[in-house]
Structures are given as C-alpha cells and as structure tokens.
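Peer 1: One file is attached below, final29.pdb, containing PDB, C-alpha atoms and all ligand atoms.
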```pdb
ATOM      1  CA  MET A   1      68.918  70.508 106.781
ATOM      2  CA  THR A   2      69.675  70.652 103.089
ATOM      3  CA  ALA A   3      72.433  72.917 101.810
ATOM      4  CA  SER A   4      71.117  76.265 100.637
ATOM      5  CA  PRO A   5      71.497  76.906  96.913
ATOM      6  CA  ALA A   6      74.121  79.366  95.691
ATOM      7  CA  SER A   7      71.497  82.034  95.085
ATOM      8  CA  ASP A   8      70.375  81.913  98.734
ATOM      9  CA  ARG A   9      73.931  82.130  99.975
ATOM     10  CA  ASN A  10      74.504  85.164  97.780
ATOM     11  CA  HIS A  11      71.298  86.664  99.061
ATOM     12  CA  TYR A  12      72.622  86.467 102.613
ATOM     13  CA  ALA A  13      75.956  87.867 101.482
ATOM     14  CA  VAL A  14      74.102  90.833 100.022
ATOM     15  CA  ALA A  15      71.916  91.366 103.062
ATOM     16  CA  GLU A  16      74.892  91.177 105.440
ATOM     17  CA  SER A  17      77.256  93.258 103.367
ATOM     18  CA  ALA A  18      78.307  96.561 104.885
ATOM     19  CA  HIS A  19      77.619  98.198 101.545
ATOM     20  CA  ALA A  20      74.554  96.363 100.291
ATOM     21  CA  PRO A  21      73.650  97.744  96.863
ATOM     22  CA  LYS A  22      70.417  99.645  96.459
ATOM     23  CA  HIS A  23      70.442 100.322  92.741
ATOM     24  CA  VAL A  24      71.533  98.038  89.908
ATOM     25  CA  ALA A  25      71.460  99.123  86.270
ATOM     26  CA  ILE A  26      71.590  96.554  83.475
ATOM     27  CA  ILE A  27      72.667  96.803  79.835
ATOM     28  CA  MET A  28      70.527  93.991  78.453
ATOM     29  CA  ASP A  29      72.628  92.955  75.459
ATOM     30  CA  GLY A  30      72.821  89.840  73.295
ATOM     31  CA  ASN A  31      69.241  89.135  72.166
ATOM     32  CA  GLY A  32      70.248  89.037  68.488
ATOM     33  CA  ARG A  33      73.127  86.622  69.047
ATOM     34  CA  TRP A  34      70.937  84.423  71.243
ATOM     35  CA  ALA A  35      68.451  84.142  68.368
ATOM     36  CA  SER A  36      71.104  83.612  65.641
ATOM     37  CA  ALA A  37      72.665  80.786  67.633
ATOM     38  CA  ARG A  38      69.304  78.994  67.453
ATOM     39  CA  GLY A  39      68.540  79.802  63.825
ATOM     40  CA  LEU A  40      65.761  82.159  64.958
ATOM     41  CA  ALA A  41      64.898  85.702  63.938
ATOM     42  CA  ARG A  42      66.274  88.624  65.954
ATOM     43  CA  SER A  43      62.704  89.461  66.952
ATOM     44  CA  ASP A  44      62.479  86.061  68.712
ATOM     45  CA  GLY A  45      65.566  87.027  70.682
ATOM     46  CA  HIS A  46      63.972  90.302  71.713
ATOM     47  CA  ARG A  47      60.837  88.474  72.808
ATOM     48  CA  GLU A  48      62.912  86.166  75.007
ATOM     49  CA  GLY A  49      64.705  89.267  76.216
ATOM     50  CA  VAL A  50      61.442  90.639  77.593
ATOM     51  CA  LYS A  51      61.003  87.435  79.618
ATOM     52  CA  ALA A  52      64.495  87.883  81.017
ATOM     53  CA  ALA A  53      63.646  91.503  81.878
ATOM     54  CA  ARG A  54      60.598  90.313  83.846
ATOM     55  CA  ARG A  55      62.820  87.823  85.682
ATOM     56  CA  ALA A  56      65.295  90.605  86.437
ATOM     57  CA  VAL A  57      62.591  92.785  88.017
ATOM     58  CA  GLU A  58      61.486  89.884  90.175
ATOM     59  CA  GLY A  59      65.079  88.958  90.995
ATOM     60  CA  ALA A  60      65.973  92.513  91.970
ATOM     61  CA  ARG A  61      63.140  92.604  94.470
ATOM     62  CA  ASP A  62      63.965  89.162  95.877
ATOM     63  CA  LEU A  63      67.559  90.253  96.341
ATOM     64  CA  GLY A  64      66.529  93.255  98.393
ATOM     65  CA  LEU A  65      67.312  95.989  95.879
ATOM     66  CA  LYS A  66      65.242  99.157  95.857
ATOM     67  CA  TYR A  67      65.994 100.426  92.350
ATOM     68  CA  LEU A  68      66.522  98.713  88.992
ATOM     69  CA  THR A  69      67.287 100.442  85.706
ATOM     70  CA  LEU A  70      67.006  98.462  82.472
ATOM     71  CA  TYR A  71      68.549  99.737  79.224
ATOM     72  CA  SER A  72      66.162  98.630  76.509
ATOM     73  CA  PHE A  73      66.550 101.035  73.578
ATOM     74  CA  SER A  74      69.393 103.488  73.043
ATOM     75  CA  THR A  75      69.474 106.716  71.046
ATOM     76  CA  GLU A  76      71.880 104.826  68.754
ATOM     77  CA  ASN A  77      69.474 101.921  68.205
ATOM     78  CA  TRP A  78      67.623 104.038  65.575
ATOM     79  CA  ARG A  79      70.447 102.870  63.271
ATOM     80  CA  ARG A  80      68.843  99.417  63.130
ATOM     81  CA  PRO A  81      66.552  98.246  60.298
ATOM     82  CA  ALA A  82      63.050  99.752  60.429
ATOM     83  CA  GLY A  83      61.438  96.353  61.077
ATOM     84  CA  GLU A  84      63.587  95.680  64.121
ATOM     85  CA  ILE A  85      62.866  99.159  65.497
ATOM     86  CA  ARG A  86      59.160  98.480  65.062
ATOM     87  CA  ASP A  87      59.514  95.175  66.938
ATOM     88  CA  LEU A  88      61.326  96.861  69.809
ATOM     89  CA  MET A  89      58.656  99.574  70.058
ATOM     90  CA  SER A  90      55.895  96.911  70.075
ATOM     91  CA  LEU A  91      57.654  95.000  72.805
ATOM     92  CA  LEU A  92      57.732  98.064  75.063
ATOM     93  CA  ARG A  93      54.057  98.591  74.277
ATOM     94  CA  GLN A  94      53.351  94.962  75.162
ATOM     95  CA  PHE A  95      55.505  94.969  78.294
ATOM     96  CA  ILE A  96      53.803  98.053  79.713
ATOM     97  CA  GLY A  97      50.350  96.924  78.555
ATOM     98  CA  ASP A  98      50.627  93.410  80.028
ATOM     99  CA  ASP A  99      52.642  94.106  83.156
ATOM    100  CA  LEU A 100      51.312  97.463  84.319
ATOM    101  CA  PRO A 101      48.376  96.122  86.400
ATOM    102  CA  ARG A 102      50.676  93.685  88.224
ATOM    103  CA  LEU A 103      53.472  96.212  88.758
ATOM    104  CA  LYS A 104      50.896  98.657  90.038
ATOM    105  CA  ASP A 105      49.474  96.128  92.519
ATOM    106  CA  GLU A 106      52.923  95.122  93.694
ATOM    107  CA  GLY A 107      53.860  98.673  94.639
ATOM    108  CA  VAL A 108      56.342  99.225  91.809
ATOM    109  CA  LYS A 109      56.914 102.792  90.702
ATOM    110  CA  VAL A 110      57.682 102.917  86.986
ATOM    111  CA  ARG A 111      59.592 105.628  85.186
ATOM    112  CA  ILE A 112      60.759 105.738  81.593
ATOM    113  CA  ILE A 113      64.018 107.649  81.130
ATOM    114  CA  GLY A 114      65.198 108.957  77.776
ATOM    115  CA  ASP A 115      63.843 111.342  75.176
ATOM    116  CA  ARG A 116      60.197 110.518  74.592
ATOM    117  CA  GLU A 117      59.693 113.243  71.986
ATOM    118  CA  ASN A 118      60.445 110.857  69.111
ATOM    119  CA  LEU A 119      58.134 108.116  70.329
ATOM    120  CA  SER A 120      54.800 107.557  68.630
ATOM    121  CA  PRO A 121      51.799 109.330  70.223
ATOM    122  CA  ASP A 122      50.302 106.053  71.514
ATOM    123  CA  LEU A 123      53.592 104.999  73.096
ATOM    124  CA  LYS A 124      54.012 108.435  74.670
ATOM    125  CA  ALA A 125      50.505 108.126  76.129
ATOM    126  CA  LEU A 126      51.217 104.624  77.431
ATOM    127  CA  VAL A 127      54.454 105.752  79.073
ATOM    128  CA  ARG A 128      52.614 108.643  80.716
ATOM    129  CA  ARG A 129      49.885 106.289  81.905
ATOM    130  CA  ALA A 130      52.433 103.856  83.412
ATOM    131  CA  GLU A 131      54.094 106.703  85.294
ATOM    132  CA  ASN A 132      50.848 108.287  86.462
ATOM    133  CA  GLU A 133      49.256 105.049  87.617
ATOM    134  CA  THR A 134      52.311 103.998  89.632
ATOM    135  CA  HIS A 135      53.279 107.474  90.800
ATOM    136  CA  ASP A 136      52.494 106.926  94.474
ATOM    137  CA  ASN A 137      54.096 103.477  94.746
ATOM    138  CA  THR A 138      57.111 103.232  97.027
ATOM    139  CA  GLU A 139      57.910  99.512  97.318
ATOM    140  CA  PHE A 140      60.335  99.348  94.404
ATOM    141  CA  PHE A 141      61.477 101.720  91.663
ATOM    142  CA  LEU A 142      61.825 100.480  88.072
ATOM    143  CA  GLN A 143      63.418 102.755  85.483
ATOM    144  CA  ILE A 144      63.244 101.686  81.856
ATOM    145  CA  ALA A 145      65.768 103.463  79.648
ATOM    146  CA  PHE A 146      64.044 103.791  76.300
ATOM    147  CA  ASN A 147      65.312 106.057  73.528
ATOM    148  CA  TYR A 148      67.939 106.816  76.142
ATOM    149  CA  GLY A 149      71.466 108.083  75.589
ATOM    150  CA  GLY A 150      73.721 109.479  78.304
ATOM    151  CA  ARG A 151      74.964 112.296  76.068
ATOM    152  CA  ASP A 152      71.436 113.124  74.938
ATOM    153  CA  GLU A 153      70.299 113.288  78.570
ATOM    154  CA  LEU A 154      73.176 115.642  79.440
ATOM    155  CA  ILE A 155      72.405 117.904  76.473
ATOM    156  CA  ARG A 156      68.714 118.022  77.397
ATOM    157  CA  ALA A 157      69.690 118.887  80.986
ATOM    158  CA  ALA A 158      72.071 121.612  79.737
ATOM    159  CA  ARG A 159      69.290 123.087  77.602
ATOM    160  CA  ALA A 160      66.866 123.085  80.534
ATOM    161  CA  ILE A 161      69.482 124.772  82.730
ATOM    162  CA  ALA A 162      70.177 127.421  80.065
ATOM    163  CA  LYS A 163      66.447 128.119  79.885
ATOM    164  CA  ALA A 164      66.152 128.357  83.679
ATOM    165  CA  PHE A 165      69.150 130.703  83.717
ATOM    166  CA  LYS A 166      67.655 132.916  81.031
ATOM    167  CA  SER A 167      64.388 133.197  82.937
ATOM    168  CA  GLY A 168      66.273 134.100  86.105
ATOM    169  CA  ALA A 169      65.159 130.941  87.957
ATOM    170  CA  VAL A 170      68.746 129.655  88.288
ATOM    171  CA  GLY A 171      71.917 131.652  88.889
ATOM    172  CA  VAL A 172      75.449 130.571  87.926
ATOM    173  CA  GLN A 173      76.406 129.919  91.554
ATOM    174  CA  ASP A 174      73.336 127.711  92.041
ATOM    175  CA  LEU A 175      74.776 125.094  89.749
ATOM    176  CA  THR A 176      76.223 122.284  91.858
ATOM    177  CA  GLU A 177      76.433 118.522  91.347
ATOM    178  CA  GLU A 178      73.252 118.220  93.371
ATOM    179  CA  SER A 179      71.265 120.841  91.477
ATOM    180  CA  PHE A 180      72.585 119.511  88.153
ATOM    181  CA  ASN A 181      71.272 116.070  89.165
ATOM    182  CA  SER A 182      67.782 117.505  89.513
ATOM    183  CA  PHE A 183      67.756 118.300  85.769
ATOM    184  CA  LEU A 184      68.495 114.703  84.769
ATOM    185  CA  ASP A 185      65.858 112.125  83.794
ATOM    186  CA  THR A 186      66.904 110.117  86.851
ATOM    187  CA  HIS A 187      66.334 112.930  89.389
ATOM    188  CA  GLY A 188      65.500 111.652  92.846
ATOM    189  CA  VAL A 189      67.001 108.208  92.236
ATOM    190  CA  PRO A 190      70.399 107.412  93.796
ATOM    191  CA  ASP A 191      73.289 106.628  91.453
ATOM    192  CA  PRO A 192      73.614 102.982  90.449
ATOM    193  CA  ASP A 193      75.956 101.015  92.700
ATOM    194  CA  LEU A 194      76.463  98.352  90.068
ATOM    195  CA  VAL A 195      76.143  98.227  86.283
ATOM    196  CA  ILE A 196      75.839  94.763  84.761
ATOM    197  CA  ARG A 197      76.283  94.180  81.022
ATOM    198  CA  THR A 198      75.525  90.866  79.414
ATOM    199  CA  SER A 199      76.719  89.529  76.018
ATOM    200  CA  GLY A 200      80.465  89.720  76.644
ATOM    201  CA  GLU A 201      80.874  93.243  75.210
ATOM    202  CA  LYS A 202      82.946  95.452  77.485
ATOM    203  CA  ARG A 203      81.650  98.926  76.812
ATOM    204  CA  ILE A 204      78.998 101.192  78.279
ATOM    205  CA  SER A 205      77.318 102.244  75.012
ATOM    206  CA  ASN A 206      76.224 105.695  76.213
ATOM    207  CA  PHE A 207      74.486 104.433  79.378
ATOM    208  CA  LEU A 208      74.134 106.617  82.508
ATOM    209  CA  LEU A 209      77.339 108.573  81.801
ATOM    210  CA  TRP A 210      76.874 110.967  84.715
ATOM    211  CA  GLN A 211      75.177 108.629  87.185
ATOM    212  CA  ALA A 212      77.561 105.675  86.826
ATOM    213  CA  ALA A 213      80.707 107.757  87.411
ATOM    214  CA  TYR A 214      81.557 105.634  90.467
ATOM    215  CA  ALA A 215      79.549 102.485  89.797
ATOM    216  CA  GLU A 216      81.109  99.032  89.908
ATOM    217  CA  TYR A 217      80.916  97.188  86.586
ATOM    218  CA  ILE A 218      80.353  93.515  85.916
ATOM    219  CA  PHE A 219      80.558  92.191  82.358
ATOM    220  CA  LEU A 220      79.014  88.761  81.912
ATOM    221  CA  ASP A 221      79.682  86.302  79.093
ATOM    222  CA  VAL A 222      76.006  85.429  78.972
ATOM    223  CA  LEU A 223      73.476  86.510  76.363
ATOM    224  CA  TRP A 224      70.613  88.526  77.839
ATOM    225  CA  PRO A 225      67.801  85.942  77.295
ATOM    226  CA  ASP A 226      69.843  83.495  79.422
ATOM    227  CA  PHE A 227      70.161  85.892  82.362
ATOM    228  CA  ASP A 228      68.450  84.448  85.448
ATOM    229  CA  ALA A 229      68.068  84.798  89.206
ATOM    230  CA  LYS A 230      71.161  82.725  89.943
ATOM    231  CA  LEU A 231      73.411  84.885  87.730
ATOM    232  CA  PHE A 232      71.885  87.996  89.256
ATOM    233  CA  ALA A 233      72.572  86.752  92.788
ATOM    234  CA  GLU A 234      76.140  85.806  91.844
ATOM    235  CA  ALA A 235      76.764  89.264  90.378
ATOM    236  CA  LEU A 236      75.551  90.871  93.599
ATOM    237  CA  GLY A 237      77.763  88.481  95.544
ATOM    238  CA  GLU A 238      80.755  89.661  93.540
ATOM    239  CA  TYR A 239      79.749  93.288  94.051
ATOM    240  CA  CYS A 240      79.669  92.741  97.814
ATOM    241  CA  ARG A 241      83.206  91.366  97.788
ATOM    242  CA  ARG A 242      84.575  94.480  96.090
ATOM    243  CA  GLU A 243      85.891  97.471  97.961
ATOM    244  CA  ARG A 244      84.618 100.842  96.811
ATOM    245  CA  ARG A 245      87.187 103.498  97.570
ATOM    246  CA  TYR A 246      85.829 106.650  95.902
ATOM    247  CA  GLY A 247      89.341 107.986  95.517
ATOM    248  CA  GLY A 248      90.302 107.329  99.152
ATOM    249  CA  VAL A 249      92.812 104.772 100.438
ATOM    250  CA  GLY A 250      90.279 102.155 101.538
ATOM    251  CA  GLY A 251      90.117  99.711 104.431
ATOM    252  CA  ALA A 252      93.625  98.263 103.943
ATOM    253  CA  GLY A 253      95.283 101.683 103.559
TER     254      GLY A 253
HETATM  255  C1  LIG A 301      69.989  93.900  73.100
HETATM  256  O1  LIG A 301      70.256  92.890  72.210
HETATM  257  C2  LIG A 301      68.696  94.611  72.812
HETATM  258  C3  LIG A 301      68.868  95.971  72.276
HETATM  259  C4  LIG A 301      69.976  96.608  72.108
HETATM  260  C5  LIG A 301      67.660  96.660  71.869
HETATM  261  P1  LIG A 301      70.877  93.146  70.776
HETATM  262  O2  LIG A 301      69.755  93.313  69.816
HETATM  263  O3  LIG A 301      71.844  94.260  70.792
HETATM  264  O4  LIG A 301      71.615  91.784  70.531
HETATM  265  P2  LIG A 301      73.034  91.555  69.857
HETATM  266  O5  LIG A 301      74.004  92.432  70.570
HETATM  267  O6  LIG A 301      72.880  91.933  68.412
HETATM  268  O7  LIG A 301      73.317  90.110  70.050
HETATM  269  C1  LIG A 302      73.305  98.664  74.173
HETATM  270  O1  LIG A 302      73.301  97.570  73.313
HETATM  271  C2  LIG A 302      71.932  99.280  74.229
HETATM  272  C3  LIG A 302      70.906  98.460  74.863
HETATM  273  C4  LIG A 302      71.080  97.335  75.492
HETATM  274  C5  LIG A 302      69.579  98.997  74.789
HETATM  275  P1  LIG A 302      73.750  97.709  71.785
HETATM  276  O2  LIG A 302      73.750  96.349  71.228
HETATM  277  O3  LIG A 302      72.937  98.732  71.106
HETATM  278  O4  LIG A 302      75.238  98.290  71.950
HETATM  279  P2  LIG A 302      76.476  98.270  70.957
HETATM  280  O5  LIG A 302      75.954  98.724  69.623
HETATM  281  O6  LIG A 302      76.990  96.888  70.911
HETATM  282  O7  LIG A 302      77.438  99.225  71.581
HETATM  283 MG    MG A 303      73.840  94.412  71.085
END
```
Do you think you could lay out the structure here as structure tokens?
Peer 2:
Amino acid sequence: MTASPASDRNHYAVAESAHAPKHVAIIMDGNGRWASARGLARSDGHREGVKAARRAVEGARDLGLKYLTLYSFSTENWRRPAGEIRDLMSLLRQFIGDDLPRLKDEGVKVRIIGDRENLSPDLKALVRRAENETHDNTEFFLQIAFNYGGRDELIRAARAIAKAFKSGAVGVQDLTEESFNSFLDTHGVPDPDLVIRTSGEKRISNFLLWQAAYAEYIFLDVLWPDFDAKLFAEALGEYCRRERRYGGVGGAG
C-alpha cells in the first residue's frame, strides 16, 4: 500500500476529531500581490482568485464541512479605484452565472450576505435568482459575503429590531443572543468554527464580528490564488489539534 498523501491524513484527522468543524469562513486576501509579483494587472489576480474560490468550495465538501463562507467584497472595498470595483462586480456576476447550474445540481444552497441595496439592479436580480434556485438544497451551504461588513450587518440588524419593537412585534425582554441572531444576514447558519485568512495580514477587516466571537483563527502566509486543497486540509488538521475552551478550564484543567 502506498503512503496516503498529507491531505488524506488530515482528512481522517478531521473526520475522527471530537470537535470536527462544520463551518469554515475564509478571508480571501492577496489577489493584488499575487498579480504584482508576476507583473500582471490586479484584475488578473482577482480572476485567479475566483479559481481558488471554486477550489475552496470543492475542498470544503471533500473535507466533510457543511458550511463555507467566503469574504469576497467588503463594505470598505468601495474605497478602491472604480475600475477595480467594476472588475470585482463582474467576477461575482460571472461566478454566479457560470457556476449556478452546477451548484444547483450538486445540492449546494447559496446565500449572499451583506447589504445588497447598493448593488446594480442586474446583480441584485442574479443574487436573488441564485438564492431562489438553490433554496431547497441541503447538501452544503455556501455563503458569499459581498458588500459585507460586520459593523454594517449589526447596524442593519439593530434597525430591523428597532422597527420590530416600534410595531410591537418584539418586546425588550424578547431580545436574547438567539433572537438577535435571527436578525443577522447569517440567520440559521451556525457560527464559524474556524476563520482562515490568507496573504499574511493578521486582522479580521470587519468580517463576521458577532459570529466569529469564539472562532479559531488561522493566518496563512499564502496569497489567495495559491490556496489549494492541501493547504485547506492542513488548516483543518491544525484546527483539530487545538482545544476550544469557551472560557472554561479545558481538558487538562
Ligand atoms: C483580496 O485580494 C480580494 C478583495 C479584497 C476583493 P486583494 O485585492 O485585497 O489583494 P491584496 O491584498 O491587494 O494583495
Ligand atoms: C479583506 O481584504 C476583504 C476581503 C477579502 C473581501 P482587504 O484587502 O480589503 O483588507 P485590508 O484592507 O487589508 O484590511
Ligand atoms: Mg487585500
């Protein structure tokens, strides 16, 4: 018998772990630097980034995860040059357009989280179509964070709660962590167990501020277009070796 590759070994480690992760969220960073290092345009980096995102969806399913959240455009990314913003919008358009039939057939439920009010009418319609057409799928849950900011999400939730309070639908005592959760874009999806960020930056850049309160974090010195199944499996292997204590004393205590 030949030795199993590292990715397989990690797969078993994940499957056998007492606390196998269900939900991984990824800050896909480093497309621009990947392109610069090759003398290419930033848009080429973003295009490669989409390929890496496809690999990540496949990898997540192979590794036995149930939920994957990909951060692809932040509320702060509007600060970029207009041309780059246009490229990033087109790539979402292309990703949904090209991949929707396959995702649909493979049982993937797609949800876009973030504020869609500022998206163009065609993109809004496409996002709605992706969600409607995959609504009943249960095999795997893919959340794409687009025009997403953790603070923006919390403010939108607070506004919705204030409105519900004013109409009498929600009372002050009804507000609990659980009911608050139901006002978030991510309602119904468990908190991420692990947040991975590529590119070597060690910050969360306004990602899932509420949901990732107790997530494990892994920061990789790899630019997003170079992220692959092996790195994904290794990250999950590392996650499985960590002890999550949630404020308690843990196994050794
Ligand atoms: C991540 O890559 C993609 C988005 C934030 C949209 P970047 O475009 O941030 O790449 P770097 O960080 O400049 O290398
Ligand atoms: C974070 O990357 C947002 C996404 C990956 C979509 P950025 O490149 O925008 O983050 P900063 O500016 O380095 O914090
Ligand atoms: Mg960046």
Peer 1: Counting all atoms listed in the file, name the residues that have an atom within 10 Å of an atom of ligand LIG 301 (chain A); the answer should be given as a PyMOL selection string.
Peer 2: chain A and resi 27-37+42-43+45-47+49-50+71-74+76-78+80+84-85+87-89+146-147+198-201+205+223-225
Peer 1: Please determine, counting all atoms listed in the file, which residue among A:Ala56, A:Ile112, A:Ala158, A:Ala169 has the shortest atom-to-atom distance to Ile96 (chain A).
Peer 2: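 When distances to Ile96 (chain A) are compared using all atoms listed in the file, the smallest one comes from A:Ile112.
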Peer 1: Which residues would end up in the selection if the PyMOL selection byres (((chain A and resi 120) around 12) and not hetatm) were applied here, given that I need the answer as a PDB file with C-alpha atoms, in the frame of the given file?
Peer 2:
```pdb
ATOM      1  CA  ARG A  86      59.160  98.480  65.062  1.00  0.00           C
ATOM      2  CA  MET A  89      58.656  99.574  70.058  1.00  0.00           C
ATOM      3  CA  SER A  90      55.895  96.911  70.075  1.00  0.00           C
ATOM      4  CA  LEU A  92      57.732  98.064  75.063  1.00  0.00           C
ATOM      5  CA  ARG A  93      54.057  98.591  74.277  1.00  0.00           C
ATOM      6  CA  ASP A 115      63.843 111.342  75.176  1.00  0.00           C
ATOM      7  CA  ARG A 116      60.197 110.518  74.592  1.00  0.00           C
ATOM      8  CA  GLU A 117      59.693 113.243  71.986  1.00  0.00           C
ATOM      9  CA  ASN A 118      60.445 110.857  69.111  1.00  0.00           C
ATOM     10  CA  LEU A 119      58.134 108.116  70.329  1.00  0.00           C
ATOM     11  CA  PRO A 121      51.799 109.330  70.223  1.00  0.00           C
ATOM     12  CA  ASP A 122      50.302 106.053  71.514  1.00  0.00           C
ATOM     13  CA  LEU A 123      53.592 104.999  73.096  1.00  0.00           C
ATOM     14  CA  LYS A 124      54.012 108.435  74.670  1.00  0.00           C
ATOM     15  CA  ALA A 125      50.505 108.126  76.129  1.00  0.00           C
ATOM     16  CA  LEU A 126      51.217 104.624  77.431  1.00  0.00           C
ATOM     17  CA  VAL A 127      54.454 105.752  79.073  1.00  0.00           C
ATOM     18  CA  ASN A 147      65.312 106.057  73.528  1.00  0.00           C
TER      19      ASN A 147
END
```
Peer 1: Please measure the separation of CA of Ala229 (chain A) and CA of Val57 (chain A), giving the value in Å to one decimal.
Peer 2: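 Answer for the CA of Ala229 (chain A) to CA of Val57 (chain A) separation: 9.8 Å.
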Peer 1: I'd like the interatomic distance between CA of Trp210 (chain A) and CA of Cys240 (chain A), to a tenth of an Å.
Peer 2: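 Between these atoms lies a distance of 22.6 Å.
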Peer 1: Please determine, counting all atoms listed in the file, which residue among A:Leu65, A:Arg197, A:Leu70, A:Glu58 has the shortest atom-to-atom distance to ligand MG 303 (chain A).
Peer 2: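 Of A:Leu65, A:Arg197, A:Leu70, A:Glu58, the one nearest ligand MG 303 (chain A), counting all atoms listed in the file, is A:Arg197.
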Peer 1: Could you add N, CA and C atoms to region 160-173 of chain A and give me the result as a short mmCIF file (atom, residue, chain, number, x, y, z; two decimals), keeping the file's coordinate frame?
Peer 2:
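Contents of result25.cif, as written:
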```cif
data_model
loop_
_atom_site.label_atom_id
_atom_site.label_comp_id
_atom_site.auth_asym_id
_atom_site.auth_seq_id
_atom_site.Cartn_x
_atom_site.Cartn_y
_atom_site.Cartn_z
N ALA A 160 67.83 122.69 79.50
CA ALA A 160 66.87 123.08 80.53
C ALA A 160 67.51 124.07 81.51
N ILE A 161 68.78 123.86 81.82
CA ILE A 161 69.48 124.77 82.73
C ILE A 161 69.64 126.15 82.07
N ALA A 162 70.01 126.15 80.78
CA ALA A 162 70.18 127.42 80.06
C ALA A 162 68.86 128.20 80.08
N LYS A 163 67.77 127.48 79.89
CA LYS A 163 66.45 128.12 79.89
C LYS A 163 66.13 128.71 81.26
N ALA A 164 66.41 127.90 82.31
CA ALA A 164 66.15 128.36 83.68
C ALA A 164 67.02 129.57 84.01
N PHE A 165 68.24 129.58 83.49
CA PHE A 165 69.15 130.70 83.72
C PHE A 165 68.60 131.97 83.05
N LYS A 166 68.17 131.79 81.81
CA LYS A 166 67.66 132.92 81.03
C LYS A 166 66.43 133.55 81.70
N SER A 167 65.61 132.68 82.31
CA SER A 167 64.39 133.20 82.94
C SER A 167 64.68 133.76 84.33
N GLY A 168 65.91 133.58 84.79
CA GLY A 168 66.27 134.10 86.10
C GLY A 168 66.00 133.12 87.24
N ALA A 169 65.49 131.92 86.91
CA ALA A 169 65.16 130.94 87.96
C ALA A 169 66.41 130.31 88.57
N VAL A 170 67.49 130.28 87.82
CA VAL A 170 68.75 129.66 88.29
C VAL A 170 69.90 130.62 88.04
N GLY A 171 70.73 130.82 89.06
CA GLY A 171 71.92 131.65 88.89
C GLY A 171 73.14 130.77 88.69
N VAL A 172 74.23 131.36 88.20
CA VAL A 172 75.45 130.57 87.93
C VAL A 172 75.93 129.85 89.18
N GLN A 173 75.90 130.53 90.32
CA GLN A 173 76.41 129.92 91.55
C GLN A 173 75.51 128.79 92.08
#
```
